[in-house]
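The next block is work_30.cif, given as mmCIF, C-alpha atoms and all ligand atoms.
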```cif
data_my_file
#
loop_
_atom_site.group_PDB
_atom_site.id
_atom_site.type_symbol
_atom_site.label_atom_id
_atom_site.label_comp_id
_atom_site.auth_asym_id
_atom_site.auth_seq_id
_atom_site.Cartn_x
_atom_site.Cartn_y
_atom_site.Cartn_z
ATOM 1 C CA MET A 1 0.000 0.000 0.000
ATOM 2 C CA ILE A 2 2.960 2.290 0.585
ATOM 3 C CA MET A 3 3.827 2.053 -3.140
ATOM 4 C CA TYR A 4 0.381 3.200 -4.248
ATOM 5 C CA PRO A 5 0.842 6.972 -4.040
ATOM 6 C CA LEU A 6 4.177 6.665 -5.849
ATOM 7 C CA MET A 7 2.638 4.659 -8.660
ATOM 8 C CA ALA A 8 -0.269 7.047 -8.901
ATOM 9 C CA GLY A 9 2.192 9.899 -9.274
ATOM 10 C CA ALA A 10 4.252 8.233 -11.991
ATOM 11 C CA ALA A 11 1.948 8.991 -14.923
ATOM 12 C CA PRO A 12 1.565 12.748 -14.294
ATOM 13 C CA LEU A 13 5.305 12.990 -13.635
ATOM 14 C CA GLY A 14 6.032 11.264 -16.932
ATOM 15 C CA ALA A 15 3.671 13.636 -18.726
ATOM 16 C CA ALA A 16 5.344 16.635 -17.095
ATOM 17 C CA VAL A 17 8.808 15.463 -18.140
ATOM 18 C CA GLY A 18 7.529 14.840 -21.671
ATOM 19 C CA PHE A 19 6.018 18.322 -21.832
ATOM 20 C CA MET A 20 9.199 19.991 -20.564
ATOM 21 C CA SER A 21 11.377 18.133 -23.031
ATOM 22 C CA TRP A 22 9.126 19.290 -25.905
ATOM 23 C CA ALA A 23 8.945 22.828 -24.455
ATOM 24 C CA VAL A 24 12.751 23.082 -24.332
ATOM 25 C CA ARG A 25 13.677 21.312 -27.584
ATOM 26 C CA GLY A 26 10.542 20.904 -29.712
ATOM 27 C CA LYS A 27 10.840 22.689 -33.042
ATOM 28 C CA SER A 28 7.277 23.977 -32.767
ATOM 29 C CA SER A 29 7.527 25.002 -29.089
ATOM 30 C CA ALA A 30 7.056 28.677 -28.276
ATOM 31 C CA VAL A 31 6.857 28.066 -24.521
ATOM 32 C CA PHE A 32 10.001 30.115 -23.770
ATOM 33 C CA GLY A 33 9.324 32.904 -26.248
ATOM 34 C CA PRO A 34 8.035 33.473 -29.785
ATOM 35 C CA SER A 35 9.641 31.050 -32.209
ATOM 36 C CA ARG A 36 9.103 30.330 -35.901
ATOM 37 C CA TRP A 37 9.762 27.026 -37.592
ATOM 38 C CA HIS A 38 8.214 27.484 -41.041
ATOM 39 C CA GLY A 39 7.033 30.206 -43.379
ATOM 40 C CA ASP A 40 3.855 30.635 -45.407
ATOM 41 C CA ARG A 41 2.719 27.238 -46.674
ATOM 42 C CA ARG A 42 0.973 28.798 -49.687
ATOM 43 C CA ARG A 43 4.194 30.056 -51.249
ATOM 44 C CA LYS A 44 6.568 27.760 -53.088
ATOM 45 C CA ALA A 45 9.631 29.075 -51.283
ATOM 46 C CA LEU A 46 11.959 27.706 -48.631
ATOM 47 C CA ALA A 47 15.040 28.761 -46.674
ATOM 48 C CA LEU A 48 18.401 27.055 -46.372
ATOM 49 C CA THR A 49 20.029 27.847 -43.023
ATOM 50 C CA PHE A 50 23.494 27.101 -41.634
ATOM 51 C CA ASP A 51 24.495 27.051 -37.962
ATOM 52 C CA ASP A 52 27.808 27.053 -36.049
ATOM 53 C CA GLY A 53 29.928 29.068 -38.483
ATOM 54 C CA PRO A 54 31.758 30.914 -39.708
ATOM 55 C CA SER A 55 34.402 28.238 -40.236
ATOM 56 C CA GLU A 56 37.330 27.566 -42.516
ATOM 57 C CA GLY A 57 34.894 25.621 -44.718
ATOM 58 C CA THR A 58 32.202 28.296 -45.098
ATOM 59 C CA GLY A 59 33.728 29.537 -48.357
ATOM 60 C CA GLY A 60 32.962 26.190 -50.023
ATOM 61 C CA ILE A 61 29.272 26.731 -49.320
ATOM 62 C CA LEU A 62 29.392 30.369 -50.439
ATOM 63 C CA ASP A 63 30.861 29.231 -53.782
ATOM 64 C CA ILE A 64 27.965 26.834 -54.440
ATOM 65 C CA LEU A 65 25.339 29.404 -53.407
ATOM 66 C CA ALA A 66 26.994 31.931 -55.735
ATOM 67 C CA HIS A 67 27.056 29.405 -58.576
ATOM 68 C CA TYR A 68 23.257 29.032 -58.357
ATOM 69 C CA GLY A 69 22.667 32.673 -57.399
ATOM 70 C CA VAL A 70 20.627 31.744 -54.332
ATOM 71 C CA PRO A 71 20.617 33.301 -50.849
ATOM 72 C CA ALA A 72 20.821 31.510 -47.498
ATOM 73 C CA THR A 73 20.870 32.412 -43.819
ATOM 74 C CA PHE A 74 23.869 31.794 -41.574
ATOM 75 C CA PHE A 75 23.305 31.636 -37.811
ATOM 76 C CA GLN A 76 26.786 32.571 -36.689
ATOM 77 C CA VAL A 77 28.541 31.906 -33.387
ATOM 78 C CA GLY A 78 30.104 35.077 -31.937
ATOM 79 C CA ALA A 79 33.329 33.356 -30.903
ATOM 80 C CA HIS A 80 33.837 32.122 -34.485
ATOM 81 C CA VAL A 81 33.028 35.569 -35.882
ATOM 82 C CA GLU A 82 35.891 36.966 -33.783
ATOM 83 C CA ARG A 83 38.142 34.100 -34.855
ATOM 84 C CA LEU A 84 37.351 34.454 -38.589
ATOM 85 C CA PRO A 85 36.038 37.994 -39.078
ATOM 86 C CA GLU A 86 36.845 38.019 -42.798
ATOM 87 C CA VAL A 87 34.677 34.929 -43.364
ATOM 88 C CA ALA A 88 31.812 36.439 -41.361
ATOM 89 C CA ARG A 89 32.064 39.566 -43.501
ATOM 90 C CA ALA A 90 32.254 37.597 -46.755
ATOM 91 C CA VAL A 91 28.922 35.921 -45.883
ATOM 92 C CA ALA A 92 27.218 39.297 -45.431
ATOM 93 C CA GLN A 93 28.870 40.841 -48.483
ATOM 94 C CA ALA A 94 27.643 37.966 -50.658
ATOM 95 C CA GLY A 95 24.100 39.054 -49.778
ATOM 96 C CA HIS A 96 23.243 36.287 -47.321
ATOM 97 C CA GLU A 97 21.433 36.918 -44.076
ATOM 98 C CA ILE A 98 23.251 36.540 -40.771
ATOM 99 C CA GLY A 99 21.460 35.363 -37.646
ATOM 100 C CA ASN A 100 22.654 35.075 -34.056
ATOM 101 C CA HIS A 101 23.565 31.582 -32.790
ATOM 102 C CA SER A 102 24.955 32.770 -29.402
ATOM 103 C CA TYR A 103 28.514 33.735 -28.540
ATOM 104 C CA SER A 104 29.828 30.560 -26.893
ATOM 105 C CA HIS A 105 27.357 27.912 -28.121
ATOM 106 C CA PRO A 106 26.197 26.884 -24.635
ATOM 107 C CA LEU A 107 23.269 24.727 -23.611
ATOM 108 C CA PHE A 108 20.842 27.341 -22.328
ATOM 109 C CA CYS A 109 18.802 25.051 -20.062
ATOM 110 C CA PHE A 110 19.232 25.773 -16.354
ATOM 111 C CA ARG A 111 21.055 29.030 -17.196
ATOM 112 C CA THR A 112 19.976 32.379 -15.796
ATOM 113 C CA PRO A 113 18.138 34.939 -17.946
ATOM 114 C CA GLY A 114 21.138 37.251 -17.440
ATOM 115 C CA PHE A 115 23.547 34.659 -18.827
ATOM 116 C CA MET A 116 21.415 34.065 -21.927
ATOM 117 C CA ARG A 117 20.963 37.760 -22.548
ATOM 118 C CA SER A 118 24.650 38.575 -22.239
ATOM 119 C CA ASP A 119 25.733 35.627 -24.413
ATOM 120 C CA LEU A 120 23.325 36.646 -27.191
ATOM 121 C CA GLU A 121 24.290 40.307 -26.740
ATOM 122 C CA ARG A 122 27.985 39.500 -27.079
ATOM 123 C CA ALA A 123 27.329 37.593 -30.320
ATOM 124 C CA GLN A 124 25.179 40.434 -31.600
ATOM 125 C CA ALA A 125 28.015 42.910 -30.961
ATOM 126 C CA ALA A 126 30.645 40.666 -32.604
ATOM 127 C CA ILE A 127 28.511 40.170 -35.727
ATOM 128 C CA GLN A 128 27.733 43.868 -35.972
ATOM 129 C CA ARG A 129 31.385 44.845 -35.529
ATOM 130 C CA HIS A 130 32.895 42.328 -37.961
ATOM 131 C CA ALA A 131 30.176 41.553 -40.493
ATOM 132 C CA GLY A 132 28.588 45.006 -40.407
ATOM 133 C CA VAL A 133 25.017 43.795 -40.010
ATOM 134 C CA ARG A 134 22.671 43.522 -37.060
ATOM 135 C CA PRO A 135 20.863 40.152 -36.920
ATOM 136 C CA GLU A 136 17.087 40.115 -36.554
ATOM 137 C CA TRP A 137 16.786 36.413 -35.732
ATOM 138 C CA TYR A 138 18.426 34.042 -33.288
ATOM 139 C CA ARG A 139 18.537 30.271 -33.179
ATOM 140 C CA ALA A 140 19.344 28.775 -29.761
ATOM 141 C CA PRO A 141 22.305 26.355 -29.682
ATOM 142 C CA PHE A 142 21.067 22.739 -29.884
ATOM 143 C CA GLY A 143 17.593 24.260 -30.312
ATOM 144 C CA VAL A 144 17.399 24.423 -26.517
ATOM 145 C CA ARG A 145 15.382 27.306 -25.032
ATOM 146 C CA TRP A 146 14.865 28.138 -21.347
ATOM 147 C CA PHE A 147 13.099 30.535 -18.986
ATOM 148 C CA GLY A 148 14.040 34.102 -19.904
ATOM 149 C CA MET A 149 14.921 33.338 -23.530
ATOM 150 C CA GLY A 150 11.937 35.233 -24.953
ATOM 151 C CA ALA A 151 12.712 38.316 -22.862
ATOM 152 C CA ALA A 152 16.381 38.189 -23.902
ATOM 153 C CA GLY A 153 15.370 38.041 -27.564
ATOM 154 C CA ARG A 154 12.859 40.872 -27.163
ATOM 155 C CA ARG A 155 15.419 43.086 -25.491
ATOM 156 C CA LEU A 156 17.815 42.607 -28.393
ATOM 157 C CA GLY A 157 15.128 42.882 -31.068
ATOM 158 C CA LEU A 158 15.662 39.239 -32.049
ATOM 159 C CA GLY A 159 12.954 36.795 -33.091
ATOM 160 C CA GLY A 160 13.423 33.070 -32.450
ATOM 161 C CA VAL A 161 13.812 30.636 -35.345
ATOM 162 C CA MET A 162 13.967 26.842 -35.231
ATOM 163 C CA TRP A 163 13.635 24.630 -38.322
ATOM 164 C CA THR A 164 11.176 22.522 -40.257
ATOM 165 C CA ALA A 165 13.763 19.802 -40.859
ATOM 166 C CA ILE A 166 17.327 19.253 -39.694
ATOM 167 C CA GLY A 167 19.891 17.287 -41.693
ATOM 168 C CA TYR A 168 22.070 15.761 -38.926
ATOM 169 C CA ASP A 169 24.960 16.643 -41.219
ATOM 170 C CA TRP A 170 27.414 16.366 -38.328
ATOM 171 C CA LYS A 171 26.873 12.620 -38.044
ATOM 172 C CA GLN A 172 25.585 11.284 -41.379
ATOM 173 C CA LYS A 173 26.952 10.882 -44.880
ATOM 174 C CA ALA A 174 25.851 13.349 -47.546
ATOM 175 C CA GLU A 175 23.570 10.800 -49.252
ATOM 176 C CA ALA A 176 21.703 10.274 -45.977
ATOM 177 C CA VAL A 177 21.404 14.011 -45.321
ATOM 178 C CA VAL A 178 20.053 14.629 -48.821
ATOM 179 C CA ALA A 179 17.646 11.693 -48.429
ATOM 180 C CA GLN A 180 16.441 13.195 -45.149
ATOM 181 C CA LEU A 181 16.001 16.760 -46.370
ATOM 182 C CA THR A 182 14.601 16.147 -49.862
ATOM 183 C CA PRO A 183 11.197 14.830 -48.699
ATOM 184 C CA ALA A 184 11.065 17.632 -46.104
ATOM 185 C CA ALA A 185 11.259 20.261 -48.840
ATOM 186 C CA ALA A 186 7.834 21.872 -48.830
ATOM 187 C CA ASN A 187 6.293 25.320 -49.090
ATOM 188 C CA GLY A 188 7.659 27.531 -46.313
ATOM 189 C CA ALA A 189 10.193 24.967 -45.063
ATOM 190 C CA ILE A 190 13.256 26.050 -43.107
ATOM 191 C CA LEU A 191 16.060 23.510 -43.600
ATOM 192 C CA CYS A 192 18.902 23.361 -41.071
ATOM 193 C CA LEU A 193 22.511 22.453 -41.910
ATOM 194 C CA HIS A 194 25.845 23.426 -40.332
ATOM 195 C CA ASP A 195 28.848 25.292 -41.761
ATOM 196 C CA GLY A 196 30.697 24.668 -38.478
ATOM 197 C CA ARG A 197 30.701 22.065 -35.720
ATOM 198 C CA GLU A 198 29.848 23.821 -32.442
ATOM 199 C CA LEU A 199 33.083 25.436 -31.168
ATOM 200 C CA ARG A 200 35.527 23.295 -33.136
ATOM 201 C CA VAL A 201 38.393 25.009 -34.948
ATOM 202 C CA ARG A 202 38.991 23.847 -38.554
ATOM 203 C CA PRO A 203 35.972 21.531 -38.534
ATOM 204 C CA ASP A 204 35.508 19.041 -41.348
ATOM 205 C CA ILE A 205 32.280 20.150 -43.018
ATOM 206 C CA GLY A 206 32.810 18.123 -46.193
ATOM 207 C CA VAL A 207 29.466 16.365 -45.717
ATOM 208 C CA THR A 208 27.652 19.700 -45.512
ATOM 209 C CA VAL A 209 29.348 21.073 -48.621
ATOM 210 C CA GLU A 210 28.529 17.894 -50.573
ATOM 211 C CA THR A 211 24.937 18.019 -49.306
ATOM 212 C CA VAL A 212 24.523 21.595 -50.519
ATOM 213 C CA ARG A 213 26.048 20.689 -53.878
ATOM 214 C CA ARG A 214 23.482 17.907 -54.345
ATOM 215 C CA LEU A 215 20.462 19.473 -52.673
ATOM 216 C CA ILE A 216 20.244 22.893 -54.341
ATOM 217 C CA PRO A 217 19.705 21.566 -57.898
ATOM 218 C CA ILE A 218 17.025 19.187 -56.576
ATOM 219 C CA LEU A 219 15.175 22.033 -54.844
ATOM 220 C CA LEU A 220 15.426 24.310 -57.876
ATOM 221 C CA ASP A 221 14.287 21.528 -60.215
ATOM 222 C CA ARG A 222 11.197 21.120 -58.072
ATOM 223 C CA GLY A 223 10.424 24.785 -58.558
ATOM 224 C CA TYR A 224 11.255 26.111 -55.092
ATOM 225 C CA ARG A 225 12.476 29.642 -54.702
ATOM 226 C CA LEU A 226 15.276 29.905 -52.121
ATOM 227 C CA GLU A 227 14.922 32.847 -49.745
ATOM 228 C CA THR A 228 16.537 34.240 -46.624
ATOM 229 C CA VAL A 229 14.724 33.625 -43.329
ATOM 230 C CA SER A 230 13.615 37.277 -43.118
ATOM 231 C CA ARG A 231 12.149 37.129 -46.588
ATOM 232 C CA LEU A 232 10.515 33.737 -46.016
ATOM 233 C CA LEU A 233 8.918 34.935 -42.757
ATOM 234 C CA CYS A 234 7.983 38.398 -43.984
ATOM 235 C CA PRO A 235 4.225 38.729 -43.430
ATOM 236 C CA THR A 236 3.728 40.924 -46.485
ATOM 237 C CA ASN A 237 5.732 38.728 -48.818
HETATM 238 ZN ZN ZN B 301 24.724 25.019 -33.132
#
```
Would you give me this structure, written as structure tokens?
Amino acid sequence: MIMYPLMAGAAPLGAAVGFMSWAVRGKSSAVFGPSRWHGDRRRKALALTFDDGPSEGTGGILDILAHYGVPATFFQVGAHVERLPEVARAVAQAGHEIGNHSYSHPLFCFRTPGFMRSDLERAQAAIQRHAGVRPEWYRAPFGVRWFGMGAAGRRLGLGGVMWTAIGYDWKQKAEAVVAQLTPAAANGAILCLHDGRELRVRPDIGVTVETVRRLIPILLDRGYRLETVSRLLCPTN
């Protein structure tokens, strides 16, 4: 009989844990602040996005984007922007959008609102100083949001962006990433790849470059227009 109250409590506890894990990491969760994960589903347009750069490999992606004349959005890490300011600037000068992906790529869960705000603020300052643009969107590292995230974004004038589909390009081969993202291509989709690997210096992003090389012609053949996140999410588009 002593076990009974514990057993009775197990189901609600499980539900609470399930809810919190979705709230923190779910792509469609806006529990910790406004967050977008797709654009207008009536328009045949989608956005390619890249996290964790700039890196030594970013130029390879810029070359392919330039070859097809399509824009993308790069959620840059402040520490990498300071490490490779010329690459950060080259992304902006090529006409791509730059978003904020934090300064030090931390897991934001269990962090204080002050920590989140100052980490995002530091990235914002680094991007503005070196790339010459002020991001309007942030994507939380690992897609993990926490209490105070929405207020931090509001204070910096940043909207939250997640993704419609993620390619797991840090742990799969290019064929698998393309196979994962191709069926996810749909009106308003935001596709997530990585031109860096968290805080790694000289990361091997060969899989990402190969994915982009294969994916862009497929998307264009299917008639999708590639847009920046701001353009894709613009309400008057
Ligand atoms: Zn990241």
Dump as a list in words all residues having an atom at most 12 Å from (27.0, 28.0, -22.9), computed in the file's coordinates with only C-alpha atoms.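 Counting only C-alpha atoms, I find these residues within 12 Å of (27.0, 28.0, -22.9): Val77, Gly78, Ala79, His101, Ser102, Tyr103, Ser104, His105, Pro106, Leu107, Phe108, Cys109, Phe110, Arg111, Thr112, Phe115, Met116, Arg117, Ser118, Asp119, Leu120, Ala140, Pro141, Phe142, Val144, Arg145, Glu198 and Leu199 of chain A.
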Running the PyMOL selection byres (((chain A and resi 89) around 10) and not hetatm) on this model by hand, what would come out? Give it as an NGL selection string. :A and (54 or 81 or 84-88 or 90-94 or 98 or 127-133)
What is the distance between CA of Ala174 (chain A) and CA of Phe75 (chain A), in Å to one decimal?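 Between CA of Ala174 (chain A) and CA of Phe75 (chain A) the gap works out to 20.9 Å.
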Straight-line distance linking CA of Phe32 (chain A) with CA of Gly150 (chain A), stated in Å to one decimal: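 According to the coordinates, CA of Phe32 (chain A) and CA of Gly150 (chain A) are separated by 5.6 Å.
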Excluding Ala30 (chain A) and any residue of its chain fewer than 6 positions from it, enumerate the residues within 10 Å of it, using all atoms listed in the file, and give them as a list in words.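 Here the answer would be Trp22, Ala23, Val24, Arg36, Trp37, Arg145, Gly150, Gly160, Val161 and Met162 of chain A.
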Give me a file of those residues, with C-alpha atoms, as a CSV table (one decimal), in the coordinates of the input.
```csv
chain,number,residue,atom,x,y,z
A,22,TRP,CA,9.1,19.3,-25.9
A,23,ALA,CA,8.9,22.8,-24.5
A,24,VAL,CA,12.8,23.1,-24.3
A,36,ARG,CA,9.1,30.3,-35.9
A,37,TRP,CA,9.8,27.0,-37.6
A,145,ARG,CA,15.4,27.3,-25.0
A,150,GLY,CA,11.9,35.2,-25.0
A,160,GLY,CA,13.4,33.1,-32.4
A,161,VAL,CA,13.8,30.6,-35.3
A,162,MET,CA,14.0,26.8,-35.2
```
Please provide as a list in words all residues within 8 Å of region 65-72 of chain A, with the sequence filter that same-chain residues fewer than 6 positions apart are discarded (counting all atoms listed in the file). Ala47, Leu48, Thr49, Phe50, Ala94, Gly95, His96, Glu97, Ile216, Leu226, Glu227, Thr228 and Val229 of chain A
